[in-house]
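Here is the file coords_7.tsv (TSV, C-alpha atoms).
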```
chain	number	residue	atom	x	y	z
S	47	MET	CA	35.88	-0.04	18.54
S	48	VAL	CA	35.92	2.64	15.87
S	49	PRO	CA	32.79	4.76	15.27
S	50	LEU	CA	30.80	4.29	12.09
S	51	ILE	CA	31.73	7.77	10.81
S	52	GLU	CA	34.15	10.37	12.06
S	53	ILE	CA	32.61	13.87	11.90
S	54	ASN	CA	35.07	16.56	10.85
S	55	GLY	CA	34.16	19.82	12.53
S	56	ASN	CA	36.02	21.85	9.89
S	57	ASP	CA	34.03	20.33	7.03
S	58	GLN	CA	32.61	23.01	4.74
S	59	LYS	CA	29.18	23.03	3.18
S	60	ASN	CA	30.53	23.41	-0.32
S	61	ASP	CA	32.64	20.23	-0.31
S	62	LEU	CA	29.83	17.87	-1.25
S	63	ALA	CA	30.66	15.20	-3.80
S	64	ILE	CA	27.72	16.46	-5.89
S	65	ASP	CA	27.70	20.24	-6.33
S	66	ILE	CA	24.15	21.58	-6.07
S	67	ARG	CA	25.00	24.16	-8.76
S	68	GLU	CA	25.29	21.33	-11.28
S	69	TYR	CA	21.53	20.82	-10.98
S	70	PRO	CA	19.43	23.91	-11.82
S	71	ALA	CA	15.97	24.02	-10.24
S	72	ASP	CA	14.27	23.18	-13.53
S	73	SER	CA	16.60	20.34	-14.52
S	74	GLU	CA	15.27	16.83	-15.08
S	75	PRO	CA	15.86	14.22	-12.35
S	76	ALA	CA	18.72	11.76	-12.85
S	77	PRO	CA	17.89	8.34	-14.35
S	78	GLU	CA	18.39	6.80	-10.90
S	79	CYS	CA	15.78	9.11	-9.34
S	80	CYS	CA	13.11	7.19	-7.38
S	81	ILE	CA	12.53	9.18	-4.15
S	82	TYR	CA	10.24	12.17	-4.51
S	83	LYS	CA	8.77	15.13	-2.68
S	84	ILE	CA	4.99	14.75	-2.73
S	85	PRO	CA	3.39	17.12	-5.28
S	86	GLU	CA	1.19	19.70	-3.57
S	87	ARG	CA	-1.97	18.67	-5.43
S	88	PHE	CA	-1.79	15.28	-3.73
S	89	ARG	CA	-0.61	16.54	-0.34
S	90	GLU	CA	-3.63	18.83	-0.01
S	91	ALA	CA	-6.02	15.85	0.07
S	92	MET	CA	-4.46	14.38	3.23
S	93	THR	CA	-1.37	16.14	4.58
S	94	ASN	CA	-0.57	13.73	7.44
S	95	ALA	CA	-0.57	10.74	5.10
S	96	TYR	CA	2.78	11.80	3.62
S	97	THR	CA	4.63	13.28	6.63
S	98	PRO	CA	6.66	11.23	9.15
S	99	GLN	CA	5.36	11.37	12.72
S	100	LEU	CA	8.11	9.52	14.62
S	101	ILE	CA	11.33	9.24	12.64
S	102	SER	CA	13.18	10.71	9.67
S	103	ILE	CA	14.94	8.36	7.25
S	104	GLY	CA	17.09	9.95	4.59
S	105	PRO	CA	17.69	13.65	3.98
S	106	LEU	CA	14.28	15.14	3.17
S	107	HIS	CA	12.98	15.34	6.76
S	108	HIS	CA	16.32	15.16	8.58
S	109	GLY	CA	16.80	17.70	11.33
S	110	LYS	CA	13.13	18.32	12.12
S	111	GLU	CA	12.71	19.09	15.80
S	112	SER	CA	9.53	16.99	16.07
S	113	LEU	CA	11.52	13.90	15.04
S	114	ALA	CA	14.64	14.55	17.11
S	115	LYS	CA	13.85	12.02	19.85
S	116	MET	CA	14.48	9.06	17.57
S	117	GLU	CA	17.95	10.32	16.63
S	118	TRP	CA	19.21	9.10	20.01
S	119	GLN	CA	17.67	5.73	19.31
S	120	LYS	CA	19.58	5.56	16.03
S	121	LEU	CA	22.85	6.15	17.86
S	122	SER	CA	22.03	3.44	20.40
S	123	TYR	CA	21.15	0.93	17.69
S	124	GLY	CA	24.27	1.91	15.76
S	125	GLU	CA	26.45	1.06	18.75
S	126	LYS	CA	24.73	-2.30	19.20
S	127	PHE	CA	25.08	-3.10	15.51
S	128	CYS	CA	28.83	-2.43	15.70
S	129	GLU	CA	29.04	-5.25	18.24
S	130	ARG	CA	27.86	-7.64	15.52
S	131	ILE	CA	30.67	-6.72	13.10
S	132	SER	CA	34.42	-6.15	13.12
S	133	ASP	CA	36.36	-2.90	12.88
S	134	GLU	CA	37.40	-4.01	9.41
S	135	THR	CA	33.74	-4.26	8.37
S	136	ILE	CA	33.09	-0.77	9.73
S	137	GLY	CA	35.90	0.46	7.51
S	138	GLU	CA	34.27	-1.29	4.54
S	139	PHE	CA	31.00	0.47	5.38
S	140	GLN	CA	32.72	3.85	5.33
S	141	SER	CA	34.42	3.10	2.02
S	142	TYR	CA	31.13	1.94	0.52
S	143	ILE	CA	29.31	5.16	1.44
S	144	GLU	CA	32.21	7.21	0.11
S	145	LYS	CA	32.25	5.41	-3.24
S	146	ASN	CA	28.46	5.45	-3.69
S	147	LEU	CA	27.69	8.92	-2.38
S	148	ALA	CA	26.98	10.42	-5.83
S	149	ARG	CA	24.79	7.45	-6.77
S	150	ILE	CA	22.78	7.86	-3.56
S	151	VAL	CA	22.26	11.58	-4.11
S	152	ARG	CA	20.98	11.01	-7.64
S	153	CYS	CA	18.13	8.89	-6.26
S	154	TYR	CA	16.38	12.05	-5.00
S	155	ASP	CA	14.35	14.32	-7.24
S	156	GLU	CA	15.03	17.52	-5.26
S	157	LEU	CA	18.61	18.33	-4.32
S	158	VAL	CA	17.94	21.50	-2.33
S	159	PHE	CA	18.48	19.47	0.85
S	160	LEU	CA	22.20	19.30	0.02
S	161	THR	CA	22.67	22.90	1.10
S	162	LYS	CA	22.09	21.92	4.75
S	163	PHE	CA	24.64	19.08	4.76
S	164	THR	CA	28.40	18.93	4.85
S	165	THR	CA	29.87	15.89	3.15
S	166	SER	CA	30.70	14.23	6.48
S	167	LYS	CA	27.27	14.95	7.93
S	168	PHE	CA	25.54	13.60	4.84
S	169	LYS	CA	27.58	10.38	4.94
S	170	TRP	CA	26.94	10.07	8.68
S	171	MET	CA	23.21	10.49	8.20
S	172	ILE	CA	23.01	7.88	5.41
S	173	LEU	CA	25.08	5.33	7.31
S	174	TYR	CA	23.40	5.71	10.70
S	175	ASP	CA	19.89	5.61	9.17
S	176	ALA	CA	20.78	2.46	7.22
S	177	VAL	CA	22.42	0.73	10.18
S	178	PHE	CA	19.53	1.62	12.49
S	179	ILE	CA	17.01	-0.04	10.18
S	180	ILE	CA	19.19	-3.12	9.60
S	181	GLU	CA	19.61	-3.56	13.36
S	182	LEU	CA	15.88	-3.07	13.99
S	183	PHE	CA	14.92	-5.60	11.31
S	184	LEU	CA	17.46	-8.08	12.68
S	185	ARG	CA	16.05	-7.76	16.20
S	186	HIS	CA	12.56	-8.32	14.84
S	187	SER	CA	13.68	-11.44	12.92
S	188	GLU	CA	15.45	-12.69	16.06
S	189	LYS	CA	12.15	-12.22	17.94
S	190	LYS	CA	13.53	-9.91	20.61
S	191	ALA	CA	10.08	-9.04	21.87
S	192	SER	CA	11.43	-7.11	24.88
S	193	ASP	CA	13.13	-4.57	22.62
S	194	PHE	CA	11.97	-0.99	23.27
S	195	LEU	CA	10.83	-0.43	19.67
S	196	LEU	CA	9.22	-3.84	19.27
S	197	LYS	CA	7.32	-4.53	22.48
S	198	ARG	CA	4.70	-1.81	21.99
S	199	GLU	CA	2.49	-2.78	19.05
S	200	TRP	CA	1.05	0.69	18.43
S	201	PHE	CA	4.56	2.17	18.31
S	202	ARG	CA	5.77	-0.52	15.91
S	203	LEU	CA	2.80	0.15	13.61
S	204	ASP	CA	3.45	3.90	13.61
S	205	LEU	CA	7.15	3.31	12.95
S	206	ARG	CA	6.34	0.97	10.07
S	207	ARG	CA	4.02	3.62	8.65
S	208	ASP	CA	6.90	6.13	8.61
S	209	PHE	CA	9.21	3.59	6.95
S	210	LEU	CA	6.79	3.33	4.02
S	211	LEU	CA	6.52	7.07	3.33
S	212	LEU	CA	7.83	8.07	-0.09
S	213	GLU	CA	9.67	11.13	1.25
S	214	ASN	CA	11.22	9.07	4.06
S	215	GLN	CA	13.42	6.67	2.11
S	216	LEU	CA	16.95	5.51	1.48
S	217	PRO	CA	17.71	3.58	-1.71
S	218	PHE	CA	17.13	-0.15	-1.22
S	219	PHE	CA	20.54	-1.02	-2.67
S	220	VAL	CA	22.22	0.74	0.29
S	221	PHE	CA	20.57	-1.62	2.79
S	222	GLU	CA	21.24	-4.72	0.71
S	223	ASP	CA	24.87	-3.89	0.00
S	224	LEU	CA	25.72	-3.00	3.62
S	225	TYR	CA	23.90	-6.08	4.88
S	226	ASN	CA	25.81	-8.30	2.45
S	227	ILE	CA	29.11	-6.71	3.46
S	228	ALA	CA	28.36	-7.42	7.12
S	229	PHE	CA	26.91	-10.91	6.81
S	230	VAL	CA	28.19	-13.45	4.31
S	231	SER	CA	26.76	-16.55	5.98
S	232	PRO	CA	24.40	-18.56	3.72
S	233	HIS	CA	22.41	-19.51	6.84
S	234	LYS	CA	21.38	-15.92	7.54
S	235	PRO	CA	18.17	-14.63	5.92
S	236	SER	CA	18.57	-12.03	3.17
S	237	PHE	CA	17.88	-8.39	3.85
S	238	LEU	CA	14.82	-8.64	1.60
S	239	GLN	CA	13.46	-11.42	3.81
S	240	ILE	CA	13.89	-9.55	7.10
S	241	ALA	CA	12.51	-6.37	5.50
S	242	CYS	CA	9.36	-8.18	4.31
S	243	SER	CA	8.96	-9.76	7.73
S	244	TYR	CA	9.13	-6.45	9.60
S	245	LEU	CA	6.96	-4.57	7.11
S	246	ASP	CA	4.39	-7.39	7.14
S	247	ILE	CA	4.70	-8.12	3.42
S	248	ASN	CA	3.71	-11.74	2.89
S	249	GLU	CA	4.12	-11.97	-0.87
S	250	ASP	CA	7.08	-14.04	-2.11
S	251	LEU	CA	9.39	-11.47	-3.71
S	252	SER	CA	12.57	-13.57	-3.75
S	253	ASP	CA	12.74	-13.26	-7.55
S	254	GLN	CA	11.95	-9.53	-7.56
S	255	LYS	CA	14.73	-7.40	-9.05
S	256	GLY	CA	15.36	-3.66	-8.97
S	257	ILE	CA	13.42	-2.76	-5.80
S	258	LYS	CA	13.89	1.00	-5.31
S	259	HIS	CA	13.02	1.44	-1.62
S	260	PHE	CA	10.45	0.34	0.99
S	261	THR	CA	7.50	2.13	-0.65
S	262	ASP	CA	8.40	0.38	-3.89
S	263	LEU	CA	8.68	-2.91	-2.02
S	264	ALA	CA	5.08	-2.54	-0.82
S	265	ARG	CA	3.95	-1.78	-4.37
S	266	CYS	CA	5.84	-4.77	-5.80
S	267	ALA	CA	3.90	-7.07	-3.47
S	268	LEU	CA	0.57	-5.53	-4.51
S	269	VAL	CA	1.05	-5.55	-8.29
S	270	LYS	CA	2.90	-8.83	-8.66
S	271	THR	CA	-0.32	-10.54	-9.81
S	272	ARG	CA	-2.74	-8.41	-11.80
S	273	PRO	CA	-4.76	-8.45	-15.04
S	274	GLN	CA	-2.84	-7.68	-18.21
S	275	ASN	CA	-3.44	-4.49	-20.16
S	276	SER	CA	-6.21	-5.15	-22.67
S	277	GLY	CA	-5.72	-2.13	-24.91
S	278	GLU	CA	-9.44	-1.43	-24.62
S	279	LYS	CA	-10.84	1.96	-23.66
S	280	ILE	CA	-13.49	2.61	-21.06
S	281	ASN	CA	-14.87	5.77	-19.46
S	282	LYS	CA	-17.16	4.53	-16.69
S	283	VAL	CA	-18.45	1.27	-15.25
S	284	TYR	CA	-22.03	1.02	-14.00
S	285	SER	CA	-22.30	1.18	-10.22
S	286	ALA	CA	-22.47	-1.98	-8.13
S	287	THR	CA	-26.13	-1.39	-7.26
S	288	MET	CA	-27.13	-0.85	-10.90
S	289	LEU	CA	-25.28	-3.97	-12.00
S	290	HIS	CA	-26.83	-6.09	-9.25
S	291	GLU	CA	-30.39	-4.79	-9.23
S	292	GLY	CA	-30.65	-4.06	-12.95
S	293	ALA	CA	-28.97	-7.11	-14.47
S	294	GLY	CA	-28.44	-9.54	-11.60
S	295	VAL	CA	-24.63	-9.35	-11.46
S	296	ARG	CA	-23.46	-11.34	-8.44
S	297	PHE	CA	-20.54	-10.06	-6.34
S	298	LYS	CA	-18.37	-12.74	-4.78
S	299	ALA	CA	-15.35	-12.42	-2.50
S	300	ASP	CA	-12.28	-14.26	-3.81
S	301	VAL	CA	-10.25	-15.54	-0.87
S	302	LYS	CA	-7.60	-17.32	-2.94
S	303	ASN	CA	-6.18	-14.67	-5.28
S	304	PRO	CA	-4.13	-11.49	-4.70
S	305	LEU	CA	-5.89	-8.15	-4.32
S	306	LEU	CA	-5.63	-6.90	-7.90
S	307	ASN	CA	-6.88	-10.12	-9.50
S	308	VAL	CA	-10.44	-9.13	-10.54
S	309	GLN	CA	-12.47	-11.52	-12.74
S	310	PHE	CA	-15.93	-11.40	-14.34
S	311	GLU	CA	-17.45	-14.58	-15.72
S	312	LYS	CA	-21.02	-15.84	-16.24
S	313	GLY	CA	-22.56	-12.96	-14.34
S	314	ASN	CA	-20.19	-13.31	-11.36
S	315	LEU	CA	-17.74	-10.54	-10.43
S	316	ARG	CA	-15.03	-12.02	-8.23
S	317	MET	CA	-12.83	-9.64	-6.24
S	318	PRO	CA	-10.48	-10.32	-3.31
S	319	THR	CA	-11.51	-8.59	-0.08
S	320	LEU	CA	-10.09	-5.11	0.49
S	321	TYR	CA	-9.87	-3.98	4.11
S	322	LEU	CA	-10.43	-0.24	4.37
S	323	GLY	CA	-9.36	1.38	7.64
S	324	PHE	CA	-7.57	4.63	8.42
S	325	ARG	CA	-4.08	3.06	8.47
S	326	ILE	CA	-4.75	1.19	5.25
S	327	GLU	CA	-6.01	4.36	3.60
S	328	ALA	CA	-2.66	6.04	4.27
S	329	ALA	CA	-0.76	3.01	2.91
S	330	ILE	CA	-2.88	3.01	-0.25
S	331	ARG	CA	-2.15	6.68	-0.85
S	332	LYS	CA	1.62	6.12	-0.59
S	333	VAL	CA	1.58	3.48	-3.29
S	334	MET	CA	-0.68	5.55	-5.54
S	335	ILE	CA	1.58	8.61	-5.29
S	336	LEU	CA	4.68	6.50	-6.02
S	337	GLU	CA	2.98	5.23	-9.16
S	338	GLN	CA	2.11	8.75	-10.26
S	339	CYS	CA	5.67	9.97	-9.68
S	340	HIS	CA	7.67	6.97	-10.87
S	341	TYR	CA	5.38	4.55	-12.73
S	342	PRO	CA	2.87	6.75	-14.60
S	343	LYS	CA	2.52	4.19	-17.41
S	344	GLU	CA	2.42	1.25	-15.00
S	345	ALA	CA	0.04	2.67	-12.40
S	346	TYR	CA	-1.69	-0.67	-11.88
S	347	PHE	CA	-2.75	-0.02	-8.30
S	348	CYS	CA	-4.23	3.36	-9.29
S	349	SER	CA	-6.18	1.52	-12.00
S	350	TYR	CA	-7.57	-0.88	-9.38
S	351	ILE	CA	-8.72	2.00	-7.14
S	352	HIS	CA	-10.23	3.69	-10.21
S	353	PHE	CA	-12.19	0.51	-11.00
S	354	LEU	CA	-13.41	0.33	-7.40
S	355	ASP	CA	-14.32	4.02	-7.57
S	356	SER	CA	-16.43	3.32	-10.67
S	357	LEU	CA	-18.42	0.67	-8.79
S	358	ILE	CA	-19.15	3.05	-5.91
S	359	ASP	CA	-21.45	6.01	-6.43
S	360	THR	CA	-23.24	6.06	-3.09
S	361	ASP	CA	-23.13	4.40	0.33
S	362	LYS	CA	-25.71	1.92	-1.01
S	363	ASP	CA	-23.01	0.55	-3.33
S	364	VAL	CA	-20.65	0.21	-0.36
S	365	ASP	CA	-23.37	-1.67	1.58
S	366	LEU	CA	-23.69	-4.15	-1.29
S	367	LEU	CA	-19.92	-4.70	-1.53
S	368	VAL	CA	-19.59	-5.07	2.24
S	369	LYS	CA	-22.50	-7.54	2.34
S	370	ASN	CA	-20.78	-9.71	-0.27
S	371	GLY	CA	-17.33	-9.55	1.32
S	372	ILE	CA	-15.64	-7.37	-1.33
S	373	ILE	CA	-14.97	-4.59	1.19
S	374	ASP	CA	-14.18	-5.03	4.88
S	375	ASN	CA	-15.29	-1.71	6.36
S	376	GLY	CA	-12.99	-0.51	9.14
S	377	MET	CA	-14.09	3.12	8.85
S	378	GLY	CA	-17.50	2.82	10.44
S	379	SER	CA	-20.06	4.21	8.02
S	380	SER	CA	-20.54	3.25	4.40
S	381	ALA	CA	-20.67	6.94	3.50
S	382	ALA	CA	-17.15	7.36	4.92
S	383	VAL	CA	-15.86	4.55	2.70
S	384	ALA	CA	-17.51	6.01	-0.41
S	385	ASP	CA	-16.03	9.42	0.37
S	386	LYS	CA	-12.52	8.06	0.95
S	387	ILE	CA	-12.51	6.10	-2.31
S	388	LYS	CA	-13.50	9.26	-4.18
S	389	THR	CA	-10.86	11.32	-2.37
S	390	MET	CA	-8.10	8.83	-3.24
S	391	MET	CA	-8.64	9.54	-6.92
S	392	VAL	CA	-8.31	13.33	-6.54
S	393	GLY	CA	-5.50	14.54	-8.79
S	394	ILE	CA	-5.09	11.17	-10.56
S	395	PRO	CA	-5.33	11.56	-14.38
S	396	ARG	CA	-7.78	8.77	-15.18
S	397	ALA	CA	-7.28	8.94	-18.96
S	398	GLN	CA	-3.60	7.97	-18.60
S	399	LEU	CA	-4.12	4.93	-16.39
S	400	PRO	CA	-3.27	1.42	-17.68
S	401	THR	CA	-6.10	-0.55	-19.26
S	402	CYS	CA	-5.79	-3.67	-17.10
S	403	TYR	CA	-9.40	-3.37	-15.86
S	404	ALA	CA	-10.94	-2.06	-19.08
S	405	GLN	CA	-11.86	-5.53	-20.31
S	406	VAL	CA	-13.62	-6.42	-17.05
S	407	GLY	CA	-15.36	-3.02	-17.01
S	408	ASN	CA	-16.53	-3.34	-20.61
S	409	SER	CA	-17.79	-6.86	-19.96
S	410	LEU	CA	-19.81	-5.60	-16.99
S	411	ASN	CA	-21.29	-2.78	-19.03
S	412	LYS	CA	-22.19	-5.13	-21.89
S	413	TYR	CA	-23.79	-7.53	-19.44
S	414	TYR	CA	-25.92	-4.73	-18.04
S	415	ASP	CA	-26.82	-3.35	-21.48
S	416	ASN	CA	-27.88	-6.78	-22.74
S	417	PHE	CA	-31.69	-6.69	-22.94
S	418	TRP	CA	-32.13	-10.41	-22.21
S	419	ASN	CA	-29.97	-10.27	-19.07
S	420	ARG	CA	-32.05	-7.43	-17.68
S	421	LEU	CA	-35.35	-9.08	-18.74
S	422	ARG	CA	-34.35	-12.44	-17.24
S	423	HIS	CA	-33.35	-10.81	-13.97
S	424	ALA	CA	-36.59	-8.78	-13.84
S	425	TYR	CA	-38.65	-11.91	-14.61
S	426	PHE	CA	-37.09	-14.02	-11.89
S	427	LYS	CA	-37.39	-11.16	-9.42
S	428	ILE	CA	-41.11	-10.84	-10.15
S	429	LEU	CA	-41.50	-14.65	-10.11
S	430	TRP	CA	-39.76	-14.83	-6.74
S	431	ARG	CA	-42.00	-12.12	-5.32
S	432	GLY	CA	-45.04	-13.84	-6.85
S	433	SER	CA	-43.99	-17.19	-5.48
S	434	GLY	CA	-43.67	-15.65	-2.06
S	435	THR	CA	-47.21	-14.23	-2.29
S	436	VAL	CA	-48.70	-17.56	-3.43
S	437	ALA	CA	-46.88	-19.44	-0.69
S	438	ALA	CA	-48.16	-17.02	1.94
S	439	PHE	CA	-51.71	-17.42	0.59
S	440	VAL	CA	-51.47	-21.24	0.73
S	441	VAL	CA	-50.21	-21.08	4.31
S	442	LEU	CA	-53.14	-18.80	5.19
S	443	LEU	CA	-55.67	-21.24	3.63
S	444	LEU	CA	-54.18	-24.19	5.50
S	445	THR	CA	-54.28	-22.27	8.77
S	446	VAL	CA	-57.93	-21.32	8.23
S	447	ALA	CA	-58.83	-24.92	7.30
S	448	GLN	CA	-57.10	-26.23	10.40
S	449	THR	CA	-58.97	-23.76	12.59
S	450	VAL	CA	-62.35	-24.66	11.02
S	451	LEU	CA	-61.72	-28.38	11.50
S	452	ALA	CA	-60.80	-27.81	15.13
S	453	ILE	CA	-64.03	-25.89	15.73
S	454	LEU	CA	-66.13	-28.55	13.97
S	455	ASP	CA	-64.45	-31.23	16.02
S	456	ARG	CA	-65.59	-29.52	19.21
S	457	VAL	CA	-69.11	-28.74	18.01
S	458	MET	CA	-69.65	-32.13	16.39
S	459	PRO	CA	-67.53	-34.58	18.27
S	460	THR	CA	-67.03	-37.94	16.63
S	461	LYS	CA	-68.89	-40.87	18.12
```
Same coordinates, now as structure tokens:
Amino acid sequence: MVPLIEINGNDQKNDLAIDIREYPADSEPAPECCIYKIPERFREAMTNAYTPQLISIGPLHHGKESLAKMEWQKLSYGEKFCERISDETIGEFQSYIEKNLARIVRCYDELVFLTKFTTSKFKWMILYDAVFIIELFLRHSEKKASDFLLKREWFRLDLRRDFLLLENQLPFFVFEDLYNIAFVSPHKPSFLQIACSYLDINEDLSDQKGIKHFTDLARCALVKTRPQNSGEKINKVYSATMLHEGAGVRFKADVKNPLLNVQFEKGNLRMPTLYLGFRIEAAIRKVMILEQCHYPKEAYFCSYIHFLDSLIDTDKDVDLLVKNGIIDNGMGSSAAVADKIKTMMVGIPRAQLPTCYAQVGNSLNKYYDNFWNRLRHAYFKILWRGSGTVAAFVVLLLTVAQTVLAILDRVMPTK
């Protein structure tokens, strides 16, 4: 069986298909660009959220000593994958990488990494990384639970985390094209299906076109259903506690709709439950940074976090949202949740975010500012407290009367 790529020891660093000198440091990224180095202003907030811990995929973190252990695993999976396909298919793989090398390179916003690769090494890295992931996803779909990388749940979760990092990507078209070259059977699931299965993405994305990479795949699932841009402007929404205690707004968990589907109607704010734990926090940050780098005018998930941030001023607001099922707190304290939500918005230009939650926010503010809503809520609150006092007094009178009758019955027994 022929190897996936033959490495030529005499290959020179300056024989790359794309000459790094064609791209000055201050040049604009190519139109195909979709994989980015994390801007420092975002990285400072949480460094580990953007750095792979187990494995490098693609060129940006390739060669790091801390990730070297998994390189042997890639080779092992590559050999096993070759047993699934013919030598002819391996040749087609090599030709595909050769023909699409320039297109692949143009997907990255920083091309400095090219200086550390020869052409052969770069092609080898792309092909082995792609084949490793295809083989891993196939084993997962085939339910090979005894597999080394699948049988330990914590390891699988950490690996999946690395696969979703923006700096740790290969273009999605590479996986799809190689998978389709290898498997033409209509009975086999698509690469998109096995990718969603492994990455635990449950949304139906069969009609989704133009997926850039795995980080983009996660975002596509999140923003598929969302409010439309209203064109309205809004600066700040009243906090959850102010809305509830001041005007009687009721917060209700929506178990039927996707996460970004927020609705306000007749004094009820309905929001799907958001689980906030340390792993989820990192996943949220990846999607937000992708939107800032690639979808600045379509940063719908950033707009959702901004709306949530507006509702939360203190841990008391978090307590209210947790009590009503809007937030599932996996961080421990309410203060920790409030702090994390605030931190997520650091560096995000709020004024440039889409207006998909402006209508809901304005409706909430108007509801709070409406004098009659606040008066009605205050009246019923006082009435409820008053009713409680009267009821307690009645109970006291009945208890006293019962005691007096019991005493009289003993002192003056009936004949």
Taking a cut-off of 7 Å and counting all atoms listed in the file, can you build a table that, for each residue of stretch 224-294 of chain S near stretch 385-402 of chain S, reports the nearest atom pair and how far apart they are in Å (one decimal), sorted by chain then residue number, as JSON lines?
```
{"residue": "S:Pro273", "atom": "CA", "partner": "S:Cys402", "partner_atom": "CA", "distance": 5.3}
{"residue": "S:Gln274", "atom": "CA", "partner": "S:Cys402", "partner_atom": "CA", "distance": 5.1}
{"residue": "S:Asn275", "atom": "CA", "partner": "S:Cys402", "partner_atom": "CA", "distance": 3.9}
{"residue": "S:Ser276", "atom": "CA", "partner": "S:Thr401", "partner_atom": "CA", "distance": 5.7}
{"residue": "S:Gly277", "atom": "CA", "partner": "S:Thr401", "partner_atom": "CA", "distance": 5.9}
{"residue": "S:Glu278", "atom": "CA", "partner": "S:Thr401", "partner_atom": "CA", "distance": 6.4}
{"residue": "S:Lys279", "atom": "CA", "partner": "S:Thr401", "partner_atom": "CA", "distance": 6.9}
```
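Interatomic distance, atom CA of S:Asn94 to atom CA of S:Gln215: 16.6 Å.
Going from atom CA of S:Arg202 to atom CA of S:Ala241 covers 13.7 Å.
With distances restricted to all atoms listed in the file, S:Arg152 is the closest residue to S:Cys80 from S:His107, S:Arg152, S:Lys343, S:Lys162.
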Residues within 9 Å of stretch 297-313 of chain S, please, as a PDB file with C-alpha atoms, in the coordinates of the input. Count all atoms listed in the file; anything in the same chain fewer than 2 positions from it doesn't count.
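Output file part18.pdb follows:
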```
ATOM      1  CA  LEU S 268       0.570  -5.530  -4.510  1.00  0.00           C
ATOM      2  CA  VAL S 269       1.050  -5.550  -8.290  1.00  0.00           C
ATOM      3  CA  LYS S 270       2.900  -8.830  -8.660  1.00  0.00           C
ATOM      4  CA  THR S 271      -0.320 -10.540  -9.810  1.00  0.00           C
ATOM      5  CA  ARG S 272      -2.740  -8.410 -11.800  1.00  0.00           C
ATOM      6  CA  PRO S 273      -4.760  -8.450 -15.040  1.00  0.00           C
ATOM      7  CA  ALA S 286     -22.470  -1.980  -8.130  1.00  0.00           C
ATOM      8  CA  HIS S 290     -26.830  -6.090  -9.250  1.00  0.00           C
ATOM      9  CA  ALA S 293     -28.970  -7.110 -14.470  1.00  0.00           C
ATOM     10  CA  GLY S 294     -28.440  -9.540 -11.600  1.00  0.00           C
ATOM     11  CA  VAL S 295     -24.630  -9.350 -11.460  1.00  0.00           C
ATOM     12  CA  LEU S 315     -17.740 -10.540 -10.430  1.00  0.00           C
ATOM     13  CA  ARG S 316     -15.030 -12.020  -8.230  1.00  0.00           C
ATOM     14  CA  MET S 317     -12.830  -9.640  -6.240  1.00  0.00           C
ATOM     15  CA  PRO S 318     -10.480 -10.320  -3.310  1.00  0.00           C
ATOM     16  CA  THR S 319     -11.510  -8.590  -0.080  1.00  0.00           C
ATOM     17  CA  LEU S 320     -10.090  -5.110   0.490  1.00  0.00           C
ATOM     18  CA  TYR S 346      -1.690  -0.670 -11.880  1.00  0.00           C
ATOM     19  CA  PHE S 347      -2.750  -0.020  -8.300  1.00  0.00           C
ATOM     20  CA  TYR S 350      -7.570  -0.880  -9.380  1.00  0.00           C
ATOM     21  CA  LEU S 366     -23.690  -4.150  -1.290  1.00  0.00           C
ATOM     22  CA  LEU S 367     -19.920  -4.700  -1.530  1.00  0.00           C
ATOM     23  CA  ASN S 370     -20.780  -9.710  -0.270  1.00  0.00           C
ATOM     24  CA  GLY S 371     -17.330  -9.550   1.320  1.00  0.00           C
ATOM     25  CA  ILE S 372     -15.640  -7.370  -1.330  1.00  0.00           C
ATOM     26  CA  ILE S 373     -14.970  -4.590   1.190  1.00  0.00           C
ATOM     27  CA  TYR S 403      -9.400  -3.370 -15.860  1.00  0.00           C
ATOM     28  CA  VAL S 406     -13.620  -6.420 -17.050  1.00  0.00           C
ATOM     29  CA  GLY S 407     -15.360  -3.020 -17.010  1.00  0.00           C
ATOM     30  CA  SER S 409     -17.790  -6.860 -19.960  1.00  0.00           C
ATOM     31  CA  LEU S 410     -19.810  -5.600 -16.990  1.00  0.00           C
ATOM     32  CA  TYR S 413     -23.790  -7.530 -19.440  1.00  0.00           C
TER      33      TYR S 413
END
```
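Shown here are all protein and nucleic acid residues lying within 9 Å of (16.9, -8.2, 1.0), with only C-alpha atoms considered: Phe218, Phe219, Phe221, Glu222, Tyr225, Pro235, Ser236, Phe237, Leu238, Gln239, Ile240, Ala241, Cys242 and Ser252 of chain S.
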So that I have them on file, write out the residues from the current selection with C-alpha atoms, as a short mmCIF file (atom, residue, chain, number, x, y, z; two decimals), in the frame of the given file.
```
data_model
loop_
_atom_site.label_atom_id
_atom_site.label_comp_id
_atom_site.auth_asym_id
_atom_site.auth_seq_id
_atom_site.Cartn_x
_atom_site.Cartn_y
_atom_site.Cartn_z
CA PHE S 218 17.13 -0.15 -1.22
CA PHE S 219 20.54 -1.02 -2.67
CA PHE S 221 20.57 -1.62 2.79
CA GLU S 222 21.24 -4.72 0.71
CA TYR S 225 23.90 -6.08 4.88
CA PRO S 235 18.17 -14.63 5.92
CA SER S 236 18.57 -12.03 3.17
CA PHE S 237 17.88 -8.39 3.85
CA LEU S 238 14.82 -8.64 1.60
CA GLN S 239 13.46 -11.42 3.81
CA ILE S 240 13.89 -9.55 7.10
CA ALA S 241 12.51 -6.37 5.50
CA CYS S 242 9.36 -8.18 4.31
CA SER S 252 12.57 -13.57 -3.75
#
```
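Relative to atom CA of S:Arg331, atom CA of S:Leu212 is found at 10.1 Å.
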(request) Tell me which of S:Ile101, S:Ile180, S:Ala264, S:Leu196 sits closest to S:Met116, counting only C-alpha atoms. (result) S:Ile101
(request) Write out as JSON, numbers by chain each polymer residue whose atoms come within 12 Å of S:Ser380, counting only C-alpha atoms; drop sequence neighbours fewer than 5 positions from it. (result) {"S": [322, 323, 358, 359, 360, 361, 362, 363, 364, 365, 366, 367, 368, 369, 373, 374, 375, 385, 386, 387]}
